[in-house]
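Colleague: Dropping a structure here in structure tokens format, bear with me for questions.
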Amino acid sequence: MRIGFGYDIHRLKEGIPLVLGGVNVPSDRGCIAHSDGDVLLHALMDAMLGAAGLRDIGWYFPDNSEEFRGIDSKKLLLRVKNLIHEQGFRVGNIDLTVLLERPKIRDFIPLMQQQLASLLDISPLQIGIKAGTNEGVGEVGQGTAIAAWAVVLLERK
Ligand code: MG
């Protein structure tokens with residue numbers, strides 16, 4: 001078994017869509033990013049890559065490449081899944097935490113679990129997603145950023 005950790009943070013801006021865990025979440029603001037800004041998937045991909053001893057997502061999907069401008073991060077996740085499969089691993093379980101002041105995303109979490117489970121060919125029960133606020137502290141607390149952390153266990157196929 002191999003363990004991996006990932007972290008990501010994005011600034012928020014009014015008037016752009018908020019995509020989290022592969023789900024479009026109704027919000028007055030979304031993440032500023034080269035891709036669709038799915039901070040939760042970015043943390044997850046880095047944890048998967050790290051567990052397999054590979055490089056980070058910026059290495060595989062550089063943010064100065066036209067190929068990845070505005071790209072759906074679910075497509076990147078499929079590529080990361082293939083990379084870890086090539087290394088002889090499959091996902092054992094995933095534990096994710098996302099911090100944002102608003103909107104409340106609790107009702108969207110089951111859909112995120114389903115999306116990620118079907119993309120990674122695992123059960124939703126292998127994916128934990130926790131959401132919280134930053135209690136008003138710092139950039140996340142002021143609603144100008146979203147941060148996410150991921151821990152992933154990989155197993156030998
Ligand atoms: Mg990112």
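Ordering of the structure tokens sets the chain letters (A, B, ...); residue numbers start at 1 within each chain; ligands are numbered from 1 in the order shown.
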Please report, as a Markdown table, each residue of chain A lying at most 6 Å from ligand 1, together with the nearest pair of atoms and the separation in Å rounded to one decimal; use only C-alpha atoms and all ligand atoms, and order rows by chain and ascending residue number.
Modeller:
```
| residue | atom | partner | partner_atom_place_in_ligand_line | distance |
| --- | --- | --- | --- | --- |
| A:Asp8 | CA | ligand 1 | 1 (Mg) | 5.4 |
| A:Gly37 | CA | ligand 1 | 1 (Mg) | 5.8 |
| A:Val39 | CA | ligand 1 | 1 (Mg) | 5.0 |
| A:His42 | CA | ligand 1 | 1 (Mg) | 5.0 |
```
Colleague: Which residues come within 7 Å of segment 77-84 of chain A, counting only C-alpha atoms, excluding same-chain residues fewer than 2 positions away, as number ranges by chain?
Modeller: A: 45, 49, 52, 73-75, 86-90, 119-120
Colleague: Would you write out those residues with N, CA and C atoms, as a PDB file, in the first residue's frame?
Modeller:
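See part-v7.pdb below for the written result:
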```
ATOM      1  N   MET A  45      -5.746  14.778  -7.234  1.00  0.00           N
ATOM      2  CA  MET A  45      -4.790  14.289  -8.236  1.00  0.00           C
ATOM      3  C   MET A  45      -3.365  14.336  -7.706  1.00  0.00           C
ATOM      4  N   LEU A  49      -0.895  11.118  -7.427  1.00  0.00           N
ATOM      5  CA  LEU A  49       0.413  11.128  -8.074  1.00  0.00           C
ATOM      6  C   LEU A  49       1.527  10.937  -7.041  1.00  0.00           C
ATOM      7  N   ALA A  52       1.980   7.420  -5.859  1.00  0.00           N
ATOM      8  CA  ALA A  52       2.618   6.553  -6.851  1.00  0.00           C
ATOM      9  C   ALA A  52       4.082   6.941  -7.091  1.00  0.00           C
ATOM     10  N   SER A  73     -11.596  19.404 -15.120  1.00  0.00           N
ATOM     11  CA  SER A  73     -10.602  18.664 -14.324  1.00  0.00           C
ATOM     12  C   SER A  73     -10.916  17.178 -14.241  1.00  0.00           C
ATOM     13  N   LYS A  74     -12.159  16.783 -14.533  1.00  0.00           N
ATOM     14  CA  LYS A  74     -12.495  15.353 -14.552  1.00  0.00           C
ATOM     15  C   LYS A  74     -11.685  14.632 -15.638  1.00  0.00           C
ATOM     16  N   LYS A  75     -11.436  15.344 -16.749  1.00  0.00           N
ATOM     17  CA  LYS A  75     -10.608  14.758 -17.815  1.00  0.00           C
ATOM     18  C   LYS A  75      -9.177  14.551 -17.331  1.00  0.00           C
ATOM     19  N   GLU A  86      -0.822   2.595 -14.778  1.00  0.00           N
ATOM     20  CA  GLU A  86       0.417   2.198 -15.476  1.00  0.00           C
ATOM     21  C   GLU A  86       1.532   1.840 -14.487  1.00  0.00           C
ATOM     22  N   GLN A  87       1.484   2.450 -13.302  1.00  0.00           N
ATOM     23  CA  GLN A  87       2.490   2.150 -12.273  1.00  0.00           C
ATOM     24  C   GLN A  87       2.114   0.908 -11.466  1.00  0.00           C
ATOM     25  N   GLY A  88       0.970   0.303 -11.799  1.00  0.00           N
ATOM     26  CA  GLY A  88       0.564  -0.932 -11.116  1.00  0.00           C
ATOM     27  C   GLY A  88      -0.299  -0.720  -9.891  1.00  0.00           C
ATOM     28  N   PHE A  89      -0.884   0.490  -9.756  1.00  0.00           N
ATOM     29  CA  PHE A  89      -1.695   0.792  -8.572  1.00  0.00           C
ATOM     30  C   PHE A  89      -3.166   1.006  -8.923  1.00  0.00           C
ATOM     31  N   ARG A  90      -4.020   0.799  -7.930  1.00  0.00           N
ATOM     32  CA  ARG A  90      -5.415   1.240  -8.002  1.00  0.00           C
ATOM     33  C   ARG A  90      -5.730   1.962  -6.695  1.00  0.00           C
ATOM     34  N   LEU A 119     -15.706   7.846 -12.031  1.00  0.00           N
ATOM     35  CA  LEU A 119     -14.495   8.173 -12.793  1.00  0.00           C
ATOM     36  C   LEU A 119     -13.336   7.250 -12.423  1.00  0.00           C
ATOM     37  N   LEU A 120     -13.262   6.863 -11.163  1.00  0.00           N
ATOM     38  CA  LEU A 120     -12.107   6.083 -10.686  1.00  0.00           C
ATOM     39  C   LEU A 120     -12.405   4.591 -10.579  1.00  0.00           C
TER      40      LEU A 120
END
```
Colleague: Can you work out which one of A:Thr97, A:Lys13, A:Thr144, A:Val91 has the shortest atom-to-atom distance to Ala33 of chain A, counting only C-alpha atoms?
Modeller: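 Of all the options, A:Lys13 lies closest to Ala33 of chain A.
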Colleague: Enumerate the residues of chain A with a DSSP assignment of strand (DSSP E), computed from the backbone, and present them as a VMD selection string.
Modeller: chain A and resid 2 to 14 18 to 20 23 to 25 29 to 31 89 to 99 127 to 132 145 to 156
Colleague: Select from segment 2-64 of chain A everything DSSP, run on the backbone, classes as alpha helix (DSSP H), then give the selection as a list in words.
Modeller: Val39, Leu40, Leu41, His42, Ala43, Leu44, Met45, Asp46, Ala47, Met48, Leu49, Gly50, Ala51, Ile57, Gly58, Trp59 and Tyr60 of chain A
Colleague: Store the residues picked out above in a file with all heavy atoms, as a compact mmCIF listing (two decimals), in the first residue's frame.
Modeller:
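Written out: again-v6.txt:
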```txt
# COMPACT_ATOMS: atom_id res chain seq x y z
N VAL A 39 -10.66 22.84 -7.27
CA VAL A 39 -9.61 22.76 -6.25
C VAL A 39 -9.60 21.39 -5.56
O VAL A 39 -8.54 20.86 -5.20
CB VAL A 39 -9.80 23.93 -5.25
CG1 VAL A 39 -11.11 23.81 -4.49
CG2 VAL A 39 -8.65 24.07 -4.29
N LEU A 40 -10.77 20.78 -5.42
CA LEU A 40 -10.87 19.48 -4.75
C LEU A 40 -10.22 18.38 -5.61
O LEU A 40 -9.48 17.54 -5.11
CB LEU A 40 -12.35 19.17 -4.49
CG LEU A 40 -12.71 18.11 -3.46
CD1 LEU A 40 -11.99 18.32 -2.15
CD2 LEU A 40 -14.22 18.10 -3.25
N LEU A 41 -10.50 18.42 -6.91
CA LEU A 41 -9.88 17.42 -7.81
C LEU A 41 -8.39 17.65 -7.94
O LEU A 41 -7.62 16.70 -8.08
CB LEU A 41 -10.54 17.44 -9.19
CG LEU A 41 -11.96 16.89 -9.30
CD1 LEU A 41 -12.27 16.48 -10.74
CD2 LEU A 41 -12.17 15.71 -8.40
N HIS A 42 -7.96 18.91 -7.89
CA HIS A 42 -6.52 19.18 -7.99
C HIS A 42 -5.77 18.60 -6.80
O HIS A 42 -4.71 17.98 -6.95
CB HIS A 42 -6.25 20.69 -8.12
CG HIS A 42 -6.83 21.28 -9.37
ND1 HIS A 42 -6.80 22.62 -9.65
CD2 HIS A 42 -7.49 20.70 -10.40
CE1 HIS A 42 -7.38 22.85 -10.81
NE2 HIS A 42 -7.82 21.70 -11.28
N ALA A 43 -6.32 18.79 -5.59
CA ALA A 43 -5.69 18.21 -4.40
C ALA A 43 -5.70 16.69 -4.50
O ALA A 43 -4.69 16.03 -4.19
CB ALA A 43 -6.44 18.67 -3.14
N LEU A 44 -6.81 16.12 -4.96
CA LEU A 44 -6.93 14.67 -5.10
C LEU A 44 -5.89 14.12 -6.08
O LEU A 44 -5.21 13.12 -5.80
CB LEU A 44 -8.34 14.31 -5.58
CG LEU A 44 -8.56 12.86 -6.03
CD1 LEU A 44 -8.26 11.88 -4.91
CD2 LEU A 44 -9.99 12.68 -6.54
N MET A 45 -5.75 14.78 -7.23
CA MET A 45 -4.79 14.29 -8.24
C MET A 45 -3.36 14.34 -7.71
O MET A 45 -2.58 13.40 -7.93
CB MET A 45 -4.92 15.11 -9.52
CG MET A 45 -6.18 14.80 -10.30
SD MET A 45 -6.21 15.60 -11.91
CE MET A 45 -6.89 17.20 -11.49
N ASP A 46 -3.02 15.40 -6.99
CA ASP A 46 -1.66 15.47 -6.44
C ASP A 46 -1.43 14.36 -5.41
O ASP A 46 -0.32 13.81 -5.34
CB ASP A 46 -1.41 16.84 -5.80
CG ASP A 46 -0.69 17.78 -6.75
OD1 ASP A 46 -0.18 17.31 -7.79
OD2 ASP A 46 -0.61 18.98 -6.43
N ALA A 47 -2.45 14.03 -4.63
CA ALA A 47 -2.31 12.94 -3.66
C ALA A 47 -2.12 11.60 -4.37
O ALA A 47 -1.29 10.78 -3.96
CB ALA A 47 -3.54 12.89 -2.74
N MET A 48 -2.87 11.37 -5.45
CA MET A 48 -2.74 10.12 -6.21
C MET A 48 -1.35 10.02 -6.83
O MET A 48 -0.69 8.97 -6.76
CB MET A 48 -3.81 10.05 -7.31
CG MET A 48 -5.22 9.89 -6.77
SD MET A 48 -6.51 10.15 -8.03
CE MET A 48 -6.20 8.78 -9.14
N LEU A 49 -0.89 11.12 -7.43
CA LEU A 49 0.41 11.13 -8.07
C LEU A 49 1.53 10.94 -7.04
O LEU A 49 2.47 10.17 -7.25
CB LEU A 49 0.62 12.44 -8.85
CG LEU A 49 -0.27 12.61 -10.08
CD1 LEU A 49 -0.24 14.06 -10.57
CD2 LEU A 49 0.16 11.67 -11.21
N GLY A 50 1.37 11.62 -5.91
CA GLY A 50 2.38 11.52 -4.85
C GLY A 50 2.49 10.11 -4.31
O GLY A 50 3.59 9.60 -4.07
N ALA A 51 1.35 9.46 -4.13
CA ALA A 51 1.35 8.09 -3.60
C ALA A 51 2.07 7.13 -4.54
O ALA A 51 2.68 6.16 -4.11
CB ALA A 51 -0.08 7.62 -3.36
N ILE A 57 0.69 17.73 -10.47
CA ILE A 57 -0.18 17.99 -11.62
C ILE A 57 0.36 19.12 -12.50
O ILE A 57 0.14 19.10 -13.70
CB ILE A 57 -1.66 18.26 -11.24
CG1 ILE A 57 -1.81 19.40 -10.26
CG2 ILE A 57 -2.34 17.01 -10.74
CD1 ILE A 57 -3.27 19.84 -10.07
N GLY A 58 1.08 20.07 -11.91
CA GLY A 58 1.66 21.14 -12.70
C GLY A 58 2.70 20.62 -13.70
O GLY A 58 2.95 21.23 -14.74
N TRP A 59 3.30 19.49 -13.37
CA TRP A 59 4.28 18.86 -14.25
C TRP A 59 3.60 18.23 -15.46
O TRP A 59 4.04 18.37 -16.59
CB TRP A 59 5.05 17.80 -13.44
CG TRP A 59 5.96 16.91 -14.25
CD1 TRP A 59 5.64 15.69 -14.79
CD2 TRP A 59 7.32 17.18 -14.62
NE1 TRP A 59 6.72 15.16 -15.45
CE2 TRP A 59 7.77 16.05 -15.37
CE3 TRP A 59 8.20 18.23 -14.37
CZ2 TRP A 59 9.06 15.97 -15.88
CZ3 TRP A 59 9.48 18.14 -14.88
CH2 TRP A 59 9.91 17.04 -15.63
N TYR A 60 2.48 17.54 -15.18
CA TYR A 60 1.78 16.84 -16.27
C TYR A 60 0.85 17.77 -17.05
O TYR A 60 0.62 17.54 -18.24
CB TYR A 60 0.97 15.66 -15.71
CG TYR A 60 1.86 14.58 -15.14
CD1 TYR A 60 2.02 14.44 -13.76
CD2 TYR A 60 2.55 13.71 -15.98
CE1 TYR A 60 2.85 13.47 -13.24
CE2 TYR A 60 3.39 12.74 -15.47
CZ TYR A 60 3.54 12.62 -14.09
OH TYR A 60 4.37 11.67 -13.58
```
Colleague: Quick one: distance from atom CA of Val98 of chain A to atom CA of Ala131 of chain A in Å, one decimal?
Modeller: 4.9 Å
Colleague: Taking only C-alpha atoms into account, which of A:Met1, A:Ala150, A:Val25, A:Leu125 comes nearest Arg102 of chain A?
Modeller: A:Val25
Colleague: Residues near Ser123 of chain A, anyone? I mean within 9 Å using only C-alpha atoms, not counting same-chain ones fewer than 6 positions away, as a PDB file with C-alpha atoms, in the first residue's frame.
Modeller:
```pdb
ATOM      1  CA  GLN A 113     -18.835  11.009  -4.304  1.00  0.00           C
ATOM      2  CA  GLN A 114     -20.800   9.371  -7.134  1.00  0.00           C
ATOM      3  CA  LEU A 116     -15.521  10.535  -8.451  1.00  0.00           C
ATOM      4  CA  ALA A 117     -16.418   6.901  -7.807  1.00  0.00           C
TER       5      ALA A 117
END
```
Colleague: State, in Å with one decimal place, the distance from atom CA of Val19 of chain A to atom CA of Asp36 of chain A.
Modeller: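 These two atoms are separated by 6.8 Å.
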Colleague: May I ask which of the residues A:Asn93, A:Ser35, A:Asn134, A:Asn64 is the closest one to His10 of chain A, counting only C-alpha atoms?
Modeller: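 Between A:Asn93, A:Ser35, A:Asn134, A:Asn64, the residue approaching His10 of chain A most closely is A:Ser35.
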Colleague: List the neighbours of Ile109 of chain A out to 10 Å using only C-alpha atoms; skip same-chain residues closer than 2 positions along the sequence, and give me the result as number ranges by chain.
Modeller: A: 20-21, 23, 105-107, 111-115, 128-131
Colleague: Go ahead and save the residues from that selection, with N, CA and C atoms, as a PDB file, in the first residue's frame.
Modeller:
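Written file, selection_6.pdb:
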```
ATOM      1  N   LEU A  20     -16.717  22.036  -8.086  1.00  0.00           N
ATOM      2  CA  LEU A  20     -16.083  21.378  -6.939  1.00  0.00           C
ATOM      3  C   LEU A  20     -16.383  19.892  -6.976  1.00  0.00           C
ATOM      4  N   GLY A  21     -15.350  19.074  -6.908  1.00  0.00           N
ATOM      5  CA  GLY A  21     -15.567  17.629  -6.915  1.00  0.00           C
ATOM      6  C   GLY A  21     -16.275  17.166  -8.174  1.00  0.00           C
ATOM      7  N   VAL A  23     -18.603  18.756  -9.736  1.00  0.00           N
ATOM      8  CA  VAL A  23     -20.004  19.178  -9.734  1.00  0.00           C
ATOM      9  C   VAL A  23     -20.076  20.700  -9.856  1.00  0.00           C
ATOM     10  N   ILE A 105     -22.076  23.386   0.880  1.00  0.00           N
ATOM     11  CA  ILE A 105     -22.044  22.380  -0.193  1.00  0.00           C
ATOM     12  C   ILE A 105     -22.474  21.000   0.279  1.00  0.00           C
ATOM     13  N   ARG A 106     -22.973  20.902   1.502  1.00  0.00           N
ATOM     14  CA  ARG A 106     -23.276  19.573   2.066  1.00  0.00           C
ATOM     15  C   ARG A 106     -24.221  18.772   1.181  1.00  0.00           C
ATOM     16  N   ASP A 107     -25.203  19.426   0.559  1.00  0.00           N
ATOM     17  CA  ASP A 107     -26.179  18.693  -0.259  1.00  0.00           C
ATOM     18  C   ASP A 107     -25.577  18.172  -1.565  1.00  0.00           C
ATOM     19  N   LEU A 111     -23.375  13.655  -4.614  1.00  0.00           N
ATOM     20  CA  LEU A 111     -23.172  13.703  -6.070  1.00  0.00           C
ATOM     21  C   LEU A 111     -21.681  13.708  -6.406  1.00  0.00           C
ATOM     22  N   MET A 112     -20.891  14.466  -5.619  1.00  0.00           N
ATOM     23  CA  MET A 112     -19.429  14.465  -5.829  1.00  0.00           C
ATOM     24  C   MET A 112     -18.870  13.065  -5.631  1.00  0.00           C
ATOM     25  N   GLN A 113     -19.316  12.377  -4.567  1.00  0.00           N
ATOM     26  CA  GLN A 113     -18.835  11.009  -4.304  1.00  0.00           C
ATOM     27  C   GLN A 113     -19.162  10.087  -5.472  1.00  0.00           C
ATOM     28  N   GLN A 114     -20.390  10.215  -6.002  1.00  0.00           N
ATOM     29  CA  GLN A 114     -20.800   9.371  -7.134  1.00  0.00           C
ATOM     30  C   GLN A 114     -19.955   9.656  -8.372  1.00  0.00           C
ATOM     31  N   GLN A 115     -19.750  10.951  -8.650  1.00  0.00           N
ATOM     32  CA  GLN A 115     -18.956  11.344  -9.826  1.00  0.00           C
ATOM     33  C   GLN A 115     -17.552  10.774  -9.750  1.00  0.00           C
ATOM     34  N   GLY A 128     -14.344   9.703   1.076  1.00  0.00           N
ATOM     35  CA  GLY A 128     -14.876  10.595   2.107  1.00  0.00           C
ATOM     36  C   GLY A 128     -14.681  12.038   1.675  1.00  0.00           C
ATOM     37  N   ILE A 129     -15.719  12.854   1.801  1.00  0.00           N
ATOM     38  CA  ILE A 129     -15.592  14.286   1.483  1.00  0.00           C
ATOM     39  C   ILE A 129     -16.151  15.084   2.658  1.00  0.00           C
ATOM     40  N   LYS A 130     -15.285  15.912   3.237  1.00  0.00           N
ATOM     41  CA  LYS A 130     -15.696  16.749   4.360  1.00  0.00           C
ATOM     42  C   LYS A 130     -15.583  18.208   3.949  1.00  0.00           C
ATOM     43  N   ALA A 131     -16.580  18.987   4.324  1.00  0.00           N
ATOM     44  CA  ALA A 131     -16.566  20.413   3.980  1.00  0.00           C
ATOM     45  C   ALA A 131     -16.742  21.230   5.252  1.00  0.00           C
TER      46      ALA A 131
END
```
Colleague: Distance atom CA of Arg156 of chain A-atom CA of Phe61 of chain A, one decimal place?
Modeller: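 For atom CA of Arg156 of chain A relative to atom CA of Phe61 of chain A, the distance reads 25.1 Å.
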